[in-house]
Amino acid sequence: MPFGTVKLNDGNEMPVIAFGTGSKWKGQDVTDYVLQAIEAGFSHIDTAQWYKTEDSVGRAIHESALDRSELFITTKWSGGTSISEAIHNSLDQLGLKQVDLYLIHNPSNVKDMEKDWREFEKIKETGLSKSIGVSNFKLQQLQELMKVAKVKPAVNQILFHPYNYAENKELLEFSAKHGIVTEAYSSLQPITRYPGGPVDKPVNAAAKRLNATPVQVLLSWVRSKGVAIVTTSASKEHLEEYLETADLPPLTEEEIAAIDEAGAKGPPGTVRKMMSDLYRNRYILGAALLIQFGGYFYLTSRG
């Protein structure tokens, strides 16, 4: 059973899993990798102005010989040019008249929230993109946008994995309340960047029960949060592994809770883990500081 689609707040449908052409692919010719992803079963391709991969994504779309309606294309305004110039350049690079989803790549690109979002609303209104949204927006930035938006953003694409779930929980709740789909990138960081951390144990336990891989458990965990996925790989086997996640039974509530709890401890050897430890031990540390200060004042008062 494939991952399927999610209905956006504007009525359009978005495939739940996307093949990404950013990060390690920046500036490279990704034609063959996009074709490989399409052949493996991906129908959602994610790119951006900043990735400099739109031209080769466009070649892959053309070479796939698929009907346009069979593919969902996301790209992003990454700054550097006006929004109007950027969307037209992106469409030219992609060889398309319309993309399915157009995102503000980063809030740092925004100089005037209301003015810039009006430009995005115009892009949707004129049919250059079916849906519009944002990427890397924190809670406060999304709240600010919602105050001025006539058309709600359909999607917020963010860095999301078990180690940053706790800090994004309120953002996910706000987005869900307003019908904004959260889309995750770099969800496999507990394996690719932070191996050996506290998340490994509950992930491996779930993988054993399901006869699945840890990668598939992490993707299942993302879906358990109602979050869509952007992932990538040069390996056809890995792409198939990702897609086969949809065929697995769901994680149990206990497995999800165990991954949440482990993620809250923070990844190994990071400042976040130290801060998490300090927070958990705040009462002990507070008492120790009081004793130290008390001793200091006692000694100085006697001197």
# chains A, B, ... in the order shown; residues from 1 in each chain; ligands from 1
call {"tool": "select_by_dssp", "arguments": {"residues": "stretch 107-252 of chain A", "states": "alpha helix (DSSP H)", "output": "PyMOL selection string"}}
result
chain A and resi 113-125+139-148+165-177+189-192+200-210+214-224+236-244
call {"tool": "closest_atom_pairs", "arguments": {"of": "stretch 119-192 of chain A", "to": "stretch 208-217 of chain A", "cutoff": "10 Å", "atoms": "only C-alpha atoms", "output": "CSV"}}
result
residue,atom,partner,partner_atom,distance
A:Ser187,CA,A:Val215,CA,9.2
A:Leu188,CA,A:Val215,CA,6.7
A:Gln189,CA,A:Val215,CA,9.9
A:Pro190,CA,A:Val215,CA,9.3
A:Ile191,CA,A:Val215,CA,7.6
A:Thr192,CA,A:Val215,CA,9.8
call {"tool": "write_last_selection", "arguments": {"atoms": "N, CA, C and O atoms", "output": "mmCIF file, in the first residue's frame"}}
result
data_model
loop_
_atom_site.group_PDB
_atom_site.id
_atom_site.type_symbol
_atom_site.label_atom_id
_atom_site.label_comp_id
_atom_site.auth_asym_id
_atom_site.auth_seq_id
_atom_site.Cartn_x
_atom_site.Cartn_y
_atom_site.Cartn_z
ATOM 1 N N SER A 187 14.673 13.747 8.714
ATOM 2 C CA SER A 187 14.101 12.968 9.814
ATOM 3 C C SER A 187 14.963 11.777 10.223
ATOM 4 O O SER A 187 14.746 11.194 11.286
ATOM 5 N N LEU A 188 15.931 11.429 9.390
ATOM 6 C CA LEU A 188 16.784 10.279 9.695
ATOM 7 C C LEU A 188 18.057 10.670 10.442
ATOM 8 O O LEU A 188 18.966 9.849 10.607
ATOM 9 N N GLN A 189 18.136 11.906 10.932
ATOM 10 C CA GLN A 189 19.341 12.367 11.627
ATOM 11 C C GLN A 189 19.730 11.514 12.837
ATOM 12 O O GLN A 189 20.923 11.389 13.124
ATOM 13 N N PRO A 190 18.777 10.917 13.566
ATOM 14 C CA PRO A 190 19.207 10.036 14.660
ATOM 15 C C PRO A 190 20.106 8.894 14.188
ATOM 16 O O PRO A 190 20.896 8.361 14.975
ATOM 17 N N ILE A 191 20.006 8.520 12.903
ATOM 18 C CA ILE A 191 20.857 7.477 12.337
ATOM 19 C C ILE A 191 22.056 8.075 11.611
ATOM 20 O O ILE A 191 23.191 7.637 11.790
ATOM 21 N N THR A 192 21.804 9.109 10.797
ATOM 22 C CA THR A 192 22.862 9.642 9.933
ATOM 23 C C THR A 192 23.805 10.613 10.632
ATOM 24 O O THR A 192 24.976 10.709 10.290
#
call {"tool": "residues_around", "arguments": {"residues": "A:Lys169", "least_positions_apart": "6", "cutoff": "10 Å", "atoms": "only C-alpha atoms", "output": "list in words"}}
result
Leu139, Ser175 and Lys225 of chain A
call {"tool": "write_last_selection", "arguments": {"atoms": "N, CA and C atoms", "output": "PDB file, in the first residue's frame"}}
result
ATOM      1  N   LEU A 139       7.225  28.865  15.442  1.00  0.00           N
ATOM      2  CA  LEU A 139       5.863  29.172  15.874  1.00  0.00           C
ATOM      3  C   LEU A 139       5.549  30.662  15.769  1.00  0.00           C
ATOM      4  N   SER A 175      -0.094  24.406  13.847  1.00  0.00           N
ATOM      5  CA  SER A 175      -0.279  24.125  12.423  1.00  0.00           C
ATOM      6  C   SER A 175      -1.502  23.251  12.191  1.00  0.00           C
ATOM      7  N   LYS A 225       3.017  11.301  13.818  1.00  0.00           N
ATOM      8  CA  LYS A 225       2.798  12.680  14.255  1.00  0.00           C
ATOM      9  C   LYS A 225       1.960  13.468  13.246  1.00  0.00           C
TER      10      LYS A 225
END
call {"tool": "closest_residue", "arguments": {"among": "A:Glu39, A:Glu70, A:Asp112, A:Asp29", "to": "A:Gly58", "atoms": "only C-alpha atoms"}}
result
A:Asp29
call {"tool": "closest_residue", "arguments": {"among": "A:Ser78, A:Thr53, A:Thr231, A:Asn12", "to": "A:Gln28", "atoms": "only C-alpha atoms"}}
result
A:Thr53
call {"tool": "atom_distance", "arguments": {"atom1": "atom CA of A:Val181", "atom2": "atom CA of A:Tyr33"}}
result
26.4 Å
call {"tool": "decode", "arguments": {"residues": "stretch 214-226 of chain A", "atoms": "all heavy atoms", "output": "mmCIF file, in the first residue's frame"}}
result
data_model
loop_
_atom_site.group_PDB
_atom_site.id
_atom_site.type_symbol
_atom_site.label_atom_id
_atom_site.label_comp_id
_atom_site.auth_asym_id
_atom_site.auth_seq_id
_atom_site.Cartn_x
_atom_site.Cartn_y
_atom_site.Cartn_z
ATOM 1 N N PRO A 214 15.584 0.240 11.193
ATOM 2 C CA PRO A 214 15.473 1.465 11.999
ATOM 3 C C PRO A 214 15.032 2.677 11.179
ATOM 4 O O PRO A 214 14.289 3.526 11.667
ATOM 5 C CB PRO A 214 16.896 1.649 12.553
ATOM 6 C CG PRO A 214 17.436 0.251 12.635
ATOM 7 C CD PRO A 214 16.876 -0.442 11.423
ATOM 8 N N VAL A 215 15.479 2.741 9.934
ATOM 9 C CA VAL A 215 15.060 3.830 9.035
ATOM 10 C C VAL A 215 13.547 3.825 8.875
ATOM 11 O O VAL A 215 12.883 4.872 8.972
ATOM 12 C CB VAL A 215 15.747 3.687 7.655
ATOM 13 C CG1 VAL A 215 15.023 4.524 6.595
ATOM 14 C CG2 VAL A 215 17.201 4.103 7.732
ATOM 15 N N GLN A 216 12.986 2.658 8.647
ATOM 16 C CA GLN A 216 11.537 2.553 8.469
ATOM 17 C C GLN A 216 10.781 2.909 9.745
ATOM 18 O O GLN A 216 9.712 3.522 9.691
ATOM 19 C CB GLN A 216 11.185 1.139 8.008
ATOM 20 C CG GLN A 216 11.653 0.843 6.590
ATOM 21 C CD GLN A 216 11.456 -0.599 6.195
ATOM 22 O OE1 GLN A 216 11.546 -1.508 7.019
ATOM 23 N NE2 GLN A 216 11.183 -0.832 4.909
ATOM 24 N N VAL A 217 11.346 2.563 10.892
ATOM 25 C CA VAL A 217 10.710 2.924 12.170
ATOM 26 C C VAL A 217 10.692 4.440 12.339
ATOM 27 O O VAL A 217 9.680 5.018 12.750
ATOM 28 C CB VAL A 217 11.423 2.248 13.358
ATOM 29 C CG1 VAL A 217 10.911 2.815 14.691
ATOM 30 C CG2 VAL A 217 11.204 0.742 13.313
ATOM 31 N N LEU A 218 11.786 5.108 12.008
ATOM 32 C CA LEU A 218 11.825 6.571 12.126
ATOM 33 C C LEU A 218 10.811 7.231 11.199
ATOM 34 O O LEU A 218 10.126 8.186 11.590
ATOM 35 C CB LEU A 218 13.235 7.097 11.827
ATOM 36 C CG LEU A 218 14.258 6.926 12.949
ATOM 37 C CD1 LEU A 218 15.654 7.295 12.453
ATOM 38 C CD2 LEU A 218 13.889 7.770 14.174
ATOM 39 N N LEU A 219 10.695 6.722 9.979
ATOM 40 C CA LEU A 219 9.698 7.283 9.056
ATOM 41 C C LEU A 219 8.279 7.004 9.552
ATOM 42 O O LEU A 219 7.393 7.855 9.414
ATOM 43 C CB LEU A 219 9.905 6.709 7.648
ATOM 44 C CG LEU A 219 11.225 7.091 6.957
ATOM 45 C CD1 LEU A 219 11.311 6.437 5.577
ATOM 46 C CD2 LEU A 219 11.391 8.601 6.834
ATOM 47 N N SER A 220 8.070 5.835 10.143
ATOM 48 C CA SER A 220 6.760 5.517 10.734
ATOM 49 C C SER A 220 6.453 6.459 11.894
ATOM 50 O O SER A 220 5.309 6.889 12.075
ATOM 51 C CB SER A 220 6.735 4.068 11.225
ATOM 52 O OG SER A 220 6.786 3.163 10.162
ATOM 53 N N TRP A 221 7.475 6.766 12.679
ATOM 54 C CA TRP A 221 7.309 7.695 13.806
ATOM 55 C C TRP A 221 6.901 9.074 13.286
ATOM 56 O O TRP A 221 5.993 9.713 13.846
ATOM 57 C CB TRP A 221 8.597 7.781 14.610
ATOM 58 C CG TRP A 221 8.542 8.790 15.713
ATOM 59 C CD1 TRP A 221 8.057 8.612 16.987
ATOM 60 C CD2 TRP A 221 8.966 10.158 15.636
ATOM 61 N NE1 TRP A 221 8.152 9.782 17.695
ATOM 62 C CE2 TRP A 221 8.701 10.739 16.902
ATOM 63 C CE3 TRP A 221 9.535 10.934 14.636
ATOM 64 C CZ2 TRP A 221 8.994 12.085 17.174
ATOM 65 C CZ3 TRP A 221 9.826 12.268 14.900
ATOM 66 C CH2 TRP A 221 9.553 12.823 16.161
ATOM 67 N N VAL A 222 7.540 9.545 12.221
ATOM 68 C CA VAL A 222 7.180 10.838 11.614
ATOM 69 C C VAL A 222 5.712 10.837 11.210
ATOM 70 O O VAL A 222 4.959 11.768 11.516
ATOM 71 C CB VAL A 222 8.076 11.156 10.397
ATOM 72 C CG1 VAL A 222 7.581 12.420 9.670
ATOM 73 C CG2 VAL A 222 9.522 11.353 10.823
ATOM 74 N N ARG A 223 5.282 9.765 10.551
ATOM 75 C CA ARG A 223 3.885 9.679 10.112
ATOM 76 C C ARG A 223 2.925 9.601 11.298
ATOM 77 O O ARG A 223 1.790 10.074 11.219
ATOM 78 C CB ARG A 223 3.690 8.466 9.196
ATOM 79 C CG ARG A 223 4.363 8.592 7.842
ATOM 80 C CD ARG A 223 3.833 9.780 7.043
ATOM 81 N NE ARG A 223 2.419 9.649 6.784
ATOM 82 C CZ ARG A 223 1.531 10.630 6.966
ATOM 83 N NH1 ARG A 223 1.918 11.822 7.439
ATOM 84 N NH2 ARG A 223 0.261 10.429 6.696
ATOM 85 N N SER A 224 3.382 9.018 12.418
ATOM 86 C CA SER A 224 2.526 8.941 13.604
ATOM 87 C C SER A 224 2.204 10.319 14.160
ATOM 88 O O SER A 224 1.218 10.489 14.883
ATOM 89 C CB SER A 224 3.196 8.096 14.693
ATOM 90 O OG SER A 224 4.211 8.814 15.386
ATOM 91 N N LYS A 225 3.017 11.301 13.818
ATOM 92 C CA LYS A 225 2.798 12.680 14.255
ATOM 93 C C LYS A 225 1.960 13.468 13.246
ATOM 94 O O LYS A 225 1.753 14.676 13.403
ATOM 95 C CB LYS A 225 4.140 13.391 14.480
ATOM 96 C CG LYS A 225 5.047 12.703 15.490
ATOM 97 C CD LYS A 225 4.381 12.573 16.847
ATOM 98 C CE LYS A 225 5.294 11.907 17.864
ATOM 99 N NZ LYS A 225 4.611 11.650 19.154
ATOM 100 N N GLY A 226 1.488 12.792 12.196
ATOM 101 C CA GLY A 226 0.698 13.468 11.169
ATOM 102 C C GLY A 226 1.536 14.329 10.256
ATOM 103 O O GLY A 226 1.034 15.275 9.631
#
